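**Q** Got coords.cif for you, mmCIF, C-alpha atoms and all ligand atoms:
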data_start
#
loop_
_atom_site.label_atom_id
_atom_site.label_comp_id
_atom_site.auth_asym_id
_atom_site.auth_seq_id
_atom_site.Cartn_x
_atom_site.Cartn_y
_atom_site.Cartn_z
CA MET A 242 -105.98 40.93 52.76
CA GLU A 243 -103.93 39.10 50.13
CA LYS A 244 -103.03 35.54 51.05
CA ILE A 245 -99.34 34.71 51.42
CA LEU A 246 -98.63 31.02 50.86
CA VAL A 247 -95.50 29.13 51.86
CA THR A 248 -94.20 29.41 48.33
CA ARG A 249 -95.11 30.58 44.85
CA SER A 250 -93.94 28.96 41.63
CA SER A 251 -91.28 30.72 39.60
CA MET A 252 -92.46 31.22 36.04
CA PRO A 253 -91.00 32.68 32.86
CA SER A 254 -93.03 35.31 31.00
CA PHE A 255 -96.03 33.93 29.12
CA GLU A 256 -94.39 34.97 25.83
CA GLU A 257 -91.16 33.14 26.62
CA TYR A 258 -92.99 29.89 27.31
CA VAL A 259 -95.23 30.20 24.24
CA ASP A 260 -92.15 30.81 22.15
CA GLU A 261 -90.51 27.71 23.61
CA ILE A 262 -93.47 25.42 22.92
CA LYS A 263 -94.17 26.74 19.37
CA GLU A 264 -91.94 24.05 17.83
CA LEU A 265 -94.08 21.35 19.43
CA TRP A 266 -96.97 22.39 17.14
CA ASP A 267 -94.69 21.93 14.14
CA SER A 268 -93.21 18.61 15.19
CA HIS A 269 -96.26 17.02 16.84
CA TRP A 270 -93.72 15.27 19.10
CA LEU A 271 -95.05 15.72 22.63
CA THR A 272 -93.28 13.18 24.82
CA ASN A 273 -91.07 10.04 24.84
CA MET A 274 -87.66 11.72 25.05
CA GLY A 275 -88.19 14.39 22.41
CA ALA A 276 -86.00 17.32 21.40
CA LYS A 277 -86.79 19.52 24.44
CA HIS A 278 -86.12 16.58 26.75
CA LYS A 279 -82.71 16.00 25.16
CA GLU A 280 -81.81 19.67 25.26
CA LEU A 281 -82.80 20.00 28.92
CA GLU A 282 -80.76 16.96 29.92
CA ALA A 283 -77.69 18.41 28.25
CA ARG A 284 -78.18 21.86 29.79
CA LEU A 285 -78.79 20.46 33.27
CA GLN A 286 -75.73 18.23 33.06
CA ASP A 287 -73.72 21.38 32.52
CA TYR A 288 -75.55 23.53 35.10
CA LEU A 289 -75.48 20.89 37.85
CA GLY A 290 -71.87 19.91 37.11
CA VAL A 291 -72.56 16.17 36.87
CA ALA A 292 -71.53 13.32 34.57
CA GLY A 293 -75.08 12.23 33.74
CA VAL A 294 -78.70 13.41 34.08
CA SER A 295 -81.85 11.38 33.50
CA LEU A 296 -85.12 13.32 33.49
CA PHE A 297 -88.37 12.06 35.02
CA THR A 298 -91.96 13.18 35.24
CA ASN A 299 -91.50 13.97 38.93
CA GLY A 300 -88.93 13.63 41.67
CA HIS A 301 -90.69 10.79 43.43
CA MET A 302 -90.73 8.44 40.43
CA ALA A 303 -87.11 9.36 39.81
CA LEU A 304 -86.19 8.20 43.31
CA GLU A 305 -88.31 5.05 43.13
CA LEU A 306 -86.75 3.99 39.85
CA ALA A 307 -83.22 4.91 40.89
CA ILE A 308 -83.65 2.59 43.88
CA GLN A 309 -84.96 -0.14 41.56
CA ALA A 310 -82.06 0.37 39.14
CA MET A 311 -79.56 -0.12 41.99
CA ASN A 312 -80.95 -3.63 42.66
CA LEU A 313 -80.97 -3.06 46.41
CA SER A 314 -82.13 -5.59 48.96
CA GLY A 315 -82.97 -5.77 52.67
CA GLU A 316 -82.54 -2.57 54.67
CA VAL A 317 -81.94 1.03 53.65
CA ILE A 318 -80.84 3.64 56.17
CA THR A 319 -82.60 6.99 55.89
CA THR A 320 -84.14 9.74 58.03
CA PRO A 321 -87.80 10.31 58.96
CA PHE A 322 -87.48 14.12 58.84
CA THR A 323 -88.46 14.45 55.20
CA PHE A 324 -91.39 14.50 52.81
CA ALA A 325 -93.43 11.28 52.47
CA SER A 326 -91.71 10.58 49.16
CA THR A 327 -88.34 9.47 50.56
CA THR A 328 -89.70 6.73 52.82
CA HIS A 329 -92.42 5.70 50.38
CA ALA A 330 -89.88 5.21 47.58
CA ILE A 331 -87.98 2.76 49.80
CA VAL A 332 -91.06 0.85 50.98
CA ARG A 333 -92.61 0.71 47.50
CA ASN A 334 -89.42 -1.05 46.35
CA GLY A 335 -90.05 -3.79 48.91
CA LEU A 336 -87.18 -2.59 51.11
CA THR A 337 -87.15 -1.92 54.84
CA PRO A 338 -86.36 1.63 55.93
CA VAL A 339 -84.14 1.89 59.00
CA PHE A 340 -84.44 5.32 60.53
CA CYS A 341 -81.41 7.25 61.65
CA ASP A 342 -81.77 10.37 63.78
CA ILE A 343 -80.90 13.85 62.50
CA ASP A 344 -78.36 16.47 63.44
CA PRO A 345 -80.03 19.04 65.76
CA GLU A 346 -78.62 22.02 63.83
CA ASP A 347 -78.84 21.24 60.13
CA TYR A 348 -81.48 18.45 60.35
CA THR A 349 -79.60 16.12 57.98
CA ILE A 350 -78.69 12.51 58.86
CA ASP A 351 -76.61 12.27 62.05
CA VAL A 352 -73.48 10.54 60.77
CA LYS A 353 -72.35 9.79 64.33
CA GLN A 354 -75.23 7.31 64.63
CA LEU A 355 -75.12 5.93 61.11
CA GLU A 356 -72.60 3.14 61.55
CA SER A 357 -74.41 1.62 64.53
CA LEU A 358 -77.49 1.02 62.32
CA ILE A 359 -75.66 -1.02 59.68
CA THR A 360 -76.45 -4.75 59.70
CA ASP A 361 -75.63 -7.56 57.28
CA ARG A 362 -78.96 -6.77 55.59
CA THR A 363 -78.11 -3.11 54.85
CA SER A 364 -77.66 -2.36 51.16
CA ALA A 365 -77.82 1.43 50.91
CA ILE A 366 -78.07 4.82 52.57
CA ILE A 367 -80.60 7.39 51.36
CA PRO A 368 -79.77 10.65 53.14
CA VAL A 369 -81.76 13.85 52.55
CA HIS A 370 -80.21 17.28 51.92
CA VAL A 371 -83.20 18.67 53.77
CA TYR A 372 -84.15 22.37 53.17
CA GLY A 373 -81.09 22.63 50.92
CA ASN A 374 -78.70 21.83 53.79
CA VAL A 375 -75.86 19.62 52.66
CA CYS A 376 -75.37 16.27 54.46
CA ASN A 377 -71.92 15.31 55.72
CA VAL A 378 -71.08 13.82 52.32
CA GLU A 379 -67.47 12.97 53.21
CA GLU A 380 -68.36 10.91 56.27
CA ILE A 381 -71.22 9.21 54.41
CA GLU A 382 -68.82 8.29 51.60
CA ARG A 383 -66.30 6.90 54.09
CA ILE A 384 -68.91 4.73 55.80
CA ALA A 385 -70.47 3.57 52.52
CA LYS A 386 -67.08 2.52 51.17
CA LYS A 387 -66.18 0.68 54.37
CA TYR A 388 -69.36 -1.43 54.27
CA GLY A 389 -69.86 -1.60 50.49
CA LEU A 390 -73.14 0.33 50.54
CA LYS A 391 -74.76 2.39 47.77
CA VAL A 392 -75.61 6.04 48.44
CA ILE A 393 -78.55 7.79 46.80
CA TYR A 394 -79.10 11.34 47.97
CA ASP A 395 -82.57 12.80 48.17
CA ALA A 396 -81.48 16.15 46.76
CA ALA A 397 -85.04 17.32 46.08
CA HIS A 398 -84.27 20.60 47.88
CA THR A 399 -80.75 21.25 46.63
CA PHE A 400 -81.06 22.41 43.04
CA GLY A 401 -78.04 24.55 42.21
CA VAL A 402 -76.29 23.95 45.54
CA ARG A 403 -72.53 23.46 45.35
CA TYR A 404 -70.22 22.01 47.98
CA LYS A 405 -66.46 22.66 47.85
CA GLY A 406 -66.99 23.98 44.33
CA ARG A 407 -68.66 20.79 43.10
CA GLY A 408 -72.29 20.38 42.10
CA ILE A 409 -74.10 18.62 44.95
CA GLY A 410 -75.44 16.00 42.53
CA SER A 411 -71.93 14.73 41.90
CA TYR A 412 -71.69 13.17 45.40
CA GLY A 413 -72.79 9.59 46.13
CA ASP A 414 -73.76 7.01 43.51
CA ALA A 415 -76.81 9.04 42.49
CA SER A 416 -78.92 12.03 43.56
CA MET A 417 -82.58 12.82 43.02
CA PHE A 418 -83.67 16.38 42.26
CA SER A 419 -87.29 17.53 42.29
CA PHE A 420 -88.46 20.11 39.77
CA HIS A 421 -91.92 20.39 41.32
CA ALA A 422 -93.79 23.70 41.06
CA THR A 423 -92.90 24.44 44.70
CA LYS A 424 -89.14 24.11 44.22
CA VAL A 425 -86.35 26.63 43.60
CA TYR A 426 -86.36 25.42 40.00
CA ASN A 427 -89.40 23.84 38.37
CA SER A 428 -90.54 22.12 35.20
CA ILE A 429 -94.18 22.24 36.45
CA GLU A 430 -93.80 18.69 37.78
CA GLY A 431 -90.50 17.02 37.11
CA GLY A 432 -87.37 15.51 38.50
CA ALA A 433 -84.01 14.05 37.65
CA ILE A 434 -81.44 11.54 38.73
CA THR A 435 -77.82 12.56 38.45
CA PHE A 436 -75.22 9.79 38.26
CA HIS A 437 -71.66 8.86 37.23
CA ASP A 438 -72.10 5.37 35.77
CA GLN A 439 -73.39 5.52 32.18
CA GLU A 440 -74.67 1.90 32.37
CA PHE A 441 -76.82 2.95 35.33
CA GLY A 442 -78.08 5.86 33.17
CA LEU A 443 -79.19 3.40 30.50
CA ASP A 444 -81.00 1.31 33.12
CA LEU A 445 -82.86 4.42 34.25
CA TYR A 446 -83.74 5.26 30.65
CA ARG A 447 -85.34 1.86 30.22
CA LEU A 448 -87.07 1.77 33.61
CA LYS A 449 -88.85 5.09 33.02
CA ASN A 450 -90.12 3.71 29.69
CA PHE A 451 -91.71 0.38 30.71
CA GLY A 452 -88.38 -1.49 30.64
CA ILE A 453 -88.30 -1.34 26.85
CA ARG A 454 -84.86 -2.13 25.44
CA GLY A 455 -85.96 -2.36 21.82
CA GLU A 456 -89.27 -2.54 19.97
CA GLU A 457 -89.39 -6.28 20.52
CA VAL A 458 -87.29 -6.62 23.68
CA ILE A 459 -88.68 -5.68 27.10
CA ASP A 460 -86.22 -7.03 29.62
CA SER A 461 -86.95 -5.17 32.84
CA ILE A 462 -90.16 -4.39 34.73
CA GLY A 463 -90.32 -0.65 34.32
CA ALA A 464 -92.88 2.09 34.85
CA ASN A 465 -93.91 5.12 32.84
CA ALA A 466 -92.14 8.10 34.35
CA LYS A 467 -91.04 10.12 31.32
CA MET A 468 -90.89 13.90 31.38
CA ASN A 469 -93.03 15.30 28.56
CA GLU A 470 -92.04 18.07 26.16
CA PHE A 471 -94.20 20.76 27.82
CA GLN A 472 -92.50 20.09 31.14
CA ALA A 473 -89.07 20.15 29.48
CA ALA A 474 -89.96 23.43 27.74
CA MET A 475 -90.85 24.97 31.12
CA GLY A 476 -87.58 23.60 32.47
CA LEU A 477 -85.61 25.22 29.64
CA CYS A 478 -87.26 28.59 30.26
CA ASN A 479 -86.84 28.49 34.03
CA LEU A 480 -83.21 27.45 33.73
CA ARG A 481 -82.46 30.77 32.00
CA HIS A 482 -83.66 32.63 35.10
CA VAL A 483 -82.73 30.35 37.98
CA ASP A 484 -79.57 32.22 39.04
CA GLU A 485 -81.55 35.45 39.19
CA GLU A 486 -84.27 33.68 41.22
CA ILE A 487 -81.71 32.38 43.71
CA GLU A 488 -80.27 35.92 44.06
CA LYS A 489 -83.76 37.24 44.85
CA ARG A 490 -84.32 34.42 47.37
CA LYS A 491 -81.04 35.40 49.02
CA LYS A 492 -82.43 38.90 49.67
CA VAL A 493 -85.59 37.44 51.25
CA PHE A 494 -83.46 35.06 53.32
CA GLU A 495 -81.21 37.86 54.54
CA LYS A 496 -84.19 40.02 55.53
CA TYR A 497 -85.65 37.17 57.61
CA MET A 498 -82.23 36.62 59.20
CA GLU A 499 -81.91 40.30 60.04
CA LEU A 500 -85.32 40.44 61.70
CA LEU A 501 -85.34 37.08 63.52
CA SER A 502 -81.71 36.59 64.57
CA GLY A 503 -80.82 36.79 68.23
CA VAL A 504 -84.38 36.29 69.48
CA ASP A 505 -84.46 34.01 72.52
CA GLY A 506 -86.22 30.72 71.69
CA ILE A 507 -85.92 31.07 67.90
CA GLN A 508 -83.53 28.69 66.14
CA LEU A 509 -82.54 29.59 62.59
CA LEU A 510 -80.43 27.85 59.95
CA LYS A 511 -76.70 28.46 60.19
CA PRO A 512 -74.61 28.99 57.06
CA GLN A 513 -72.74 25.80 56.18
CA LYS A 514 -69.00 25.90 55.51
CA ASP A 515 -67.94 25.52 51.84
CA VAL A 516 -71.58 25.47 50.69
CA GLN A 517 -73.01 27.71 47.97
CA PRO A 518 -76.68 27.69 49.07
CA ASN A 519 -79.95 28.02 47.12
CA TYR A 520 -82.17 29.48 49.89
CA ALA A 521 -84.83 26.85 49.24
CA TYR A 522 -86.70 27.06 52.56
CA PHE A 523 -86.76 29.22 55.67
CA PRO A 524 -87.36 26.85 58.60
CA VAL A 525 -87.69 28.31 62.10
CA VAL A 526 -87.63 26.14 65.23
CA PHE A 527 -89.60 27.62 68.12
CA HIS A 528 -88.43 26.56 71.58
CA GLU A 529 -91.57 27.29 73.58
CA LYS A 530 -89.91 27.56 76.98
CA GLU A 531 -87.67 30.42 75.85
CA PHE A 532 -89.90 31.97 73.20
CA GLY A 533 -93.09 31.87 75.25
CA SER A 534 -95.34 30.61 72.42
CA SER A 535 -95.43 27.27 70.67
CA ARG A 536 -94.90 26.57 66.96
CA ASN A 537 -98.62 25.84 66.64
CA GLU A 538 -99.54 29.16 68.25
CA VAL A 539 -97.24 31.04 65.88
CA CYS A 540 -98.68 29.12 62.93
CA GLU A 541 -102.23 30.03 63.97
CA ALA A 542 -101.34 33.70 64.55
CA LEU A 543 -99.94 33.87 61.01
CA LYS A 544 -102.97 32.07 59.60
CA ALA A 545 -105.28 34.59 61.23
CA GLN A 546 -103.51 37.20 59.09
CA GLN A 547 -103.82 35.11 55.88
CA ILE A 548 -100.20 33.93 56.04
CA PHE A 549 -99.88 30.21 55.44
CA ALA A 550 -96.58 28.90 56.76
CA ARG A 551 -96.18 25.11 56.74
CA LYS A 552 -95.02 22.46 59.21
CA TYR A 553 -92.45 20.84 56.92
CA PHE A 554 -91.71 18.14 58.15
CA TYR A 555 -94.39 17.18 60.64
CA PRO A 556 -95.41 14.45 61.21
CA LEU A 557 -92.26 12.36 60.87
CA THR A 558 -92.54 9.65 58.23
CA ASN A 559 -91.92 6.92 60.81
CA THR A 560 -95.18 7.91 62.53
CA PHE A 561 -97.39 7.82 59.41
CA ASP A 562 -100.72 6.01 59.81
CA CYS A 563 -99.97 3.85 56.77
CA PHE A 564 -97.11 2.19 58.67
CA ASN A 565 -99.42 1.08 61.50
CA GLY A 566 -96.92 1.60 64.30
CA MET A 567 -94.22 -0.50 62.60
CA TYR A 568 -91.45 1.92 63.58
CA ASP A 569 -90.43 3.27 66.97
CA VAL A 570 -90.37 7.05 66.85
CA ASN A 571 -88.38 7.11 70.09
CA GLU A 572 -85.39 5.87 68.10
CA THR A 573 -85.22 9.29 66.42
CA PRO A 574 -85.70 11.69 69.37
CA THR A 575 -84.02 14.70 67.76
CA ALA A 576 -86.14 14.37 64.63
CA LEU A 577 -89.24 14.13 66.84
CA HIS A 578 -88.17 17.19 68.86
CA ILE A 579 -87.53 19.32 65.76
CA SER A 580 -90.63 18.19 63.85
CA LYS A 581 -92.85 19.28 66.75
CA ARG A 582 -91.29 22.74 66.77
CA VAL A 583 -90.48 23.64 63.19
CA LEU A 584 -92.36 26.02 60.93
CA THR A 585 -91.24 26.86 57.39
CA LEU A 586 -92.00 30.47 56.61
CA PRO A 587 -93.08 31.78 53.20
CA MET A 588 -90.05 31.78 50.91
CA TYR A 589 -89.97 32.63 47.21
CA ALA A 590 -88.12 34.95 44.90
CA ASP A 591 -90.89 37.55 44.60
CA LEU A 592 -91.81 37.72 48.28
CA LYS A 593 -91.83 41.46 49.03
CA GLU A 594 -89.63 42.99 51.70
CA GLU A 595 -92.66 44.57 53.40
CA ASP A 596 -94.33 41.14 53.56
CA VAL A 597 -91.26 39.66 55.26
CA GLU A 598 -91.42 42.54 57.73
CA ARG A 599 -95.11 41.89 58.36
CA ILE A 600 -94.54 38.14 58.84
CA CYS A 601 -91.71 38.75 61.29
CA GLY A 602 -93.77 41.39 63.09
CA ILE A 603 -96.57 38.87 63.72
CA ILE A 604 -94.04 36.25 64.88
CA LEU A 605 -92.34 38.64 67.27
CA GLU A 606 -95.72 39.69 68.72
CA GLN A 607 -96.01 36.07 69.91
CA LYS A 608 -92.85 36.42 72.05
CA ARG A 609 -93.85 36.26 75.70
N1 LIG B 701 -88.14 14.35 48.59
C1 LIG B 701 -88.32 15.49 49.28
C2 LIG B 701 -87.42 15.79 50.42
C3 LIG B 701 -89.35 16.37 48.92
O1 LIG B 701 -89.55 17.50 49.63
C4 LIG B 701 -90.18 16.06 47.83
C5 LIG B 701 -91.27 16.94 47.45
C6 LIG B 701 -89.92 14.86 47.11
C7 LIG B 701 -88.90 14.03 47.54
C8 LIG B 701 -90.74 14.43 45.93
O2 LIG B 701 -90.56 15.27 44.80
P1 LIG B 701 -91.78 15.46 43.74
O3 LIG B 701 -92.26 14.09 43.37
O4 LIG B 701 -92.84 16.30 44.38
O5 LIG B 701 -91.10 16.15 42.57
C9 LIG B 701 -95.21 20.07 48.30
C10 LIG B 701 -94.78 19.52 46.96
O6 LIG B 701 -95.87 18.97 46.23
C11 LIG B 701 -93.67 18.53 47.03
O7 LIG B 701 -93.07 18.51 45.74
C12 LIG B 701 -92.61 18.91 48.05
N2 LIG B 701 -91.60 17.90 48.21
C13 LIG B 701 -93.25 19.19 49.39
C14 LIG B 701 -92.23 19.61 50.42
O8 LIG B 701 -94.17 20.26 49.21
P2 LIG B 701 -97.53 19.95 49.56
O9 LIG B 701 -98.51 18.85 49.76
O10 LIG B 701 -97.10 20.75 50.72
O11 LIG B 701 -97.99 20.94 48.37
P3 LIG B 701 -99.14 22.02 48.33
O12 LIG B 701 -100.03 21.70 47.18
O13 LIG B 701 -99.78 22.18 49.65
O14 LIG B 701 -98.36 23.36 47.93
C15 LIG B 701 -97.62 24.09 48.85
C16 LIG B 701 -97.62 25.55 48.44
O15 LIG B 701 -96.94 25.74 47.22
C17 LIG B 701 -99.01 26.12 48.19
O16 LIG B 701 -99.52 26.62 49.38
C18 LIG B 701 -98.75 27.22 47.17
C19 LIG B 701 -97.52 26.78 46.44
N3 LIG B 701 -97.82 26.25 45.10
C20 LIG B 701 -98.32 25.00 44.97
C21 LIG B 701 -98.59 24.46 43.74
C22 LIG B 701 -99.13 23.08 43.60
C23 LIG B 701 -97.57 27.03 43.98
O17 LIG B 701 -97.12 28.20 44.09
N4 LIG B 701 -97.82 26.52 42.75
C24 LIG B 701 -98.32 25.26 42.57
O18 LIG B 701 -98.50 24.85 41.43
O19 LIG B 701 -96.23 19.28 48.87
#
Taking this structure as input, can you express it in the form of structure tokens?

**A**
Amino acid sequence: MEKILVTRSSMPSFEEYVDEIKELWDSHWLTNMGAKHKELEARLQDYLGVAGVSLFTNGHMALELAIQAMNLSGEVITTPFTFASTTHAIVRNGLTPVFCDIDPEDYTIDVKQLESLITDRTSAIIPVHVYGNVCNVEEIERIAKKYGLKVIYDAAHTFGVRYKGRGIGSYGDASMFSFHATKVYNSIEGGAITFHDQEFGLDLYRLKNFGIRGEEVIDSIGANAKMNEFQAAMGLCNLRHVDEEIEKRKKVFEKYMELLSGVDGIQLLKPQKDVQPNYAYFPVVFHEKEFGSSRNEVCEALKAQQIFARKYFYPLTNTFDCFNGMYDVNETPTALHISKRVLTLPMYADLKEEDVERICGIILEQKR
């Protein structure tokens, strides 16, 4: 039986990629903001509908350096229902994450609780557009303005998403996109920060290149987080096909919806108003009492048939071993509840209709 994994990288044809990288053999320019890098930044600025784009070697380093470039201090409010990256980027900047609970339906930061977590040490909010679901950007903006806080969105999952006709990366002070192989759009590994303030863009440019301002002037403590030309070439190729890929994902998404909607004990994503989605993930929350089987039982039943769904995002970041019990998970009860019950099903553009039917068949067999 052929294995079905939670996702499968989108790729251009071999010929298209080879054609794209041919020039690199002529130029011998392989990295350090070369021609492909420049072209991709310009194309993404246009595609994402943002004022500025800075490319990085991966999404995580993009987030870490965006936080550094903001000169934040003290506490940063975020959610624990996310990939390790979000919390680690805060902690690795010497900042203290303060965990806000999530909304029980779209799993993004619960804006009703946000204000109560603000102290005189708070400097920023880092909300996550988890699974491609858009946070309540208006309310976040209102609160941030009121308290003078910066907002950096973890938009790793929201490539191509638009809200009220605007690219999602145009909200907040900055947004981080991941172009990892597992994402809707990939540059093998890769990431970007989108921003409005061109000065901030220059800071990012320097921070991803060791803090070098000029050959003899190094005036900030940077890292090396540059996207190389082979990554940028993959990004250029995949950008030509991303709309088509999202259309194909939509079909997979709709098939899952058709087969799993209305089943007692199964909670699915709801379409969000004014959002043009990208169908990044297909999370299902299993309520054991009503469904009759637990998330773990469903996961095991799928595994027995060579189908590898994933528990994104379990465990919560505020329970990670590396934090040695520093955070109280009971402060985010909804996040805890959802993380114990969620399973993200295989989701990618080329997932066959009959495979979706098979996956749903196995899930529904677990209904007691
Ligand atoms: N913020 C959020 C909210 C994020 O979700 C992420 C990344 C980040 C920040 C950081 O962005 P990056 O620094 O990664 O750009 C995967 C990804 O590695 C990670 O990018 C992603 N989130 C996370 C949700 O998922 P793992 O540990 O689950 O990956 P792995 O190796 O188990 O792969 C999962 C499946 O993907 C495989 O079963 C098959 C498929 N796959 C994987 C690879 C590596 C492919 O089809 N092709 C591939 O090349 O973390």

**Q** Could you state the separation of atom CA of A:Ala365 and atom CA of A:Leu281 in Å, given to one decimal place?

**A**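 For atom CA of A:Ala365 relative to atom CA of A:Leu281, the distance reads 29.2 Å.
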
**Q** What does the list of residues within 8 Å of ligand LIG 701 (chain B) look like if you count all atoms listed in the file, written as a PyMOL selection string?

**A** chain A and resi 246-251+298-304+323-327+369-372+395-398+417-424+429-432+549+551+553-554

**Q** Give me the residues near A:Ala550 as a ChimeraX atom specification, where near means some atom within 8 Å (using all atoms listed in the file) and where sequence neighbours in that chain fewer than 4 positions away do not count.

**A** /A:246-247,540,543-544,584-587

**Q** With stretch 306-309 of chain A as the partner and 10 Å as the cut-off, tabulate the residues of stretch 322-416 of chain A that qualify, each row holding the nearest pair of atoms and their distance in Å to one decimal, using only C-alpha atoms, sorted by chain and rising number, as JSON lines.

**A**
{"residue": "A:Ala330", "atom": "CA", "partner": "A:Ile308", "partner_atom": "CA", "distance": 7.7}
{"residue": "A:Ile331", "atom": "CA", "partner": "A:Ile308", "partner_atom": "CA", "distance": 7.3}
{"residue": "A:Arg333", "atom": "CA", "partner": "A:Gln309", "partner_atom": "CA", "distance": 9.7}
{"residue": "A:Asn334", "atom": "CA", "partner": "A:Gln309", "partner_atom": "CA", "distance": 6.6}
{"residue": "A:Gly335", "atom": "CA", "partner": "A:Gln309", "partner_atom": "CA", "distance": 9.7}
{"residue": "A:Leu336", "atom": "CA", "partner": "A:Ile308", "partner_atom": "CA", "distance": 9.6}
{"residue": "A:Ala365", "atom": "CA", "partner": "A:Ile308", "partner_atom": "CA", "distance": 9.2}
{"residue": "A:Ile367", "atom": "CA", "partner": "A:Ile308", "partner_atom": "CA", "distance": 9.4}
{"residue": "A:Lys391", "atom": "CA", "partner": "A:Ile308", "partner_atom": "CA", "distance": 9.7}
{"residue": "A:Val392", "atom": "CA", "partner": "A:Ile308", "partner_atom": "CA", "distance": 9.9}
{"residue": "A:Ile393", "atom": "CA", "partner": "A:Ile308", "partner_atom": "CA", "distance": 7.8}
{"residue": "A:Ala415", "atom": "CA", "partner": "A:Ala307", "partner_atom": "CA", "distance": 7.8}
{"residue": "A:Ser416", "atom": "CA", "partner": "A:Ala307", "partner_atom": "CA", "distance": 8.7}

**Q** When you draw a straight line from atom CA of A:Asp344 to atom CA of A:Gly401, how long is it in Å?

**A** 22.7 Å

**Q** List every residue of stretch 458-513 of chain A that has an atom at most 10 Å from any atom of stretch 274-279 of chain A, and for each one report the closest atom pair and its distance in Å to one decimal, counting all atoms listed in the file, with rows sorted by chain and then by increasing residue number, as JSON lines.

**A**
{"residue": "A:Lys467", "atom": "CA", "partner": "A:Met274", "partner_atom": "CA", "distance": 7.3}
{"residue": "A:Met468", "atom": "CA", "partner": "A:His278", "partner_atom": "CA", "distance": 7.2}
{"residue": "A:Asn469", "atom": "CA", "partner": "A:His278", "partner_atom": "CA", "distance": 7.3}
{"residue": "A:Glu470", "atom": "CA", "partner": "A:Lys277", "partner_atom": "CA", "distance": 5.7}
{"residue": "A:Phe471", "atom": "CA", "partner": "A:Lys277", "partner_atom": "CA", "distance": 8.2}
{"residue": "A:Gln472", "atom": "CA", "partner": "A:His278", "partner_atom": "CA", "distance": 8.5}
{"residue": "A:Ala473", "atom": "CA", "partner": "A:His278", "partner_atom": "CA", "distance": 5.4}
{"residue": "A:Ala474", "atom": "CA", "partner": "A:Lys277", "partner_atom": "CA", "distance": 6.0}
{"residue": "A:Met475", "atom": "CA", "partner": "A:Lys277", "partner_atom": "CA", "distance": 9.5}
{"residue": "A:Gly476", "atom": "CA", "partner": "A:Lys277", "partner_atom": "CA", "distance": 9.0}
{"residue": "A:Leu477", "atom": "CA", "partner": "A:Lys277", "partner_atom": "CA", "distance": 7.8}

**Q** Neighbouring residues of A:Val375 were defined as those with any atom within 8 Å, considering all atoms listed in the file; residues of the same chain fewer than 3 positions away were excluded. Please report them as a list in words.

**A**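 Contacts, in chain order: Thr349, His370, Val371, Val378, Thr399, Tyr404, Ile409, Gln513 and Val516 of chain A.
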
**Q** Can you work out the spacing between atom CA of A:Glu531 and atom CA of A:Glu346 in Å, to one decimal?

**A**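 Calculated distance between atom CA of A:Glu531 and atom CA of A:Glu346 is 17.2 Å.
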
**Q** If we count only C-alpha atoms and set the cut-off at 7 Å, which residues sit around A:His437, ignoring sequence neighbours fewer than 3 positions away in its own chain? Please answer as a PyMOL selection string.

**A** chain A and resi 292-293+414

**Q** Residues at most 12 Å from A:Val526, counting only C-alpha atoms, excluding those fewer than 3 positions away in the same chain, as a PyMOL selection string?

**A** chain A and resi 345-348+501+504-510+523+529+531-532+534-537+539-540+552-554+576+578-586+604

**Q** With distances taken over all atoms listed in the file, which of A:Ile381, A:Val352, A:Ile366, A:Cys478 is nearest to A:Glu261?

**A** A:Cys478

**Q** Tell me which of A:Asn427, A:Ser268, A:Gln517, A:Thr575 sits closest to A:Arg407, counting only C-alpha atoms.

**A** A:Gln517
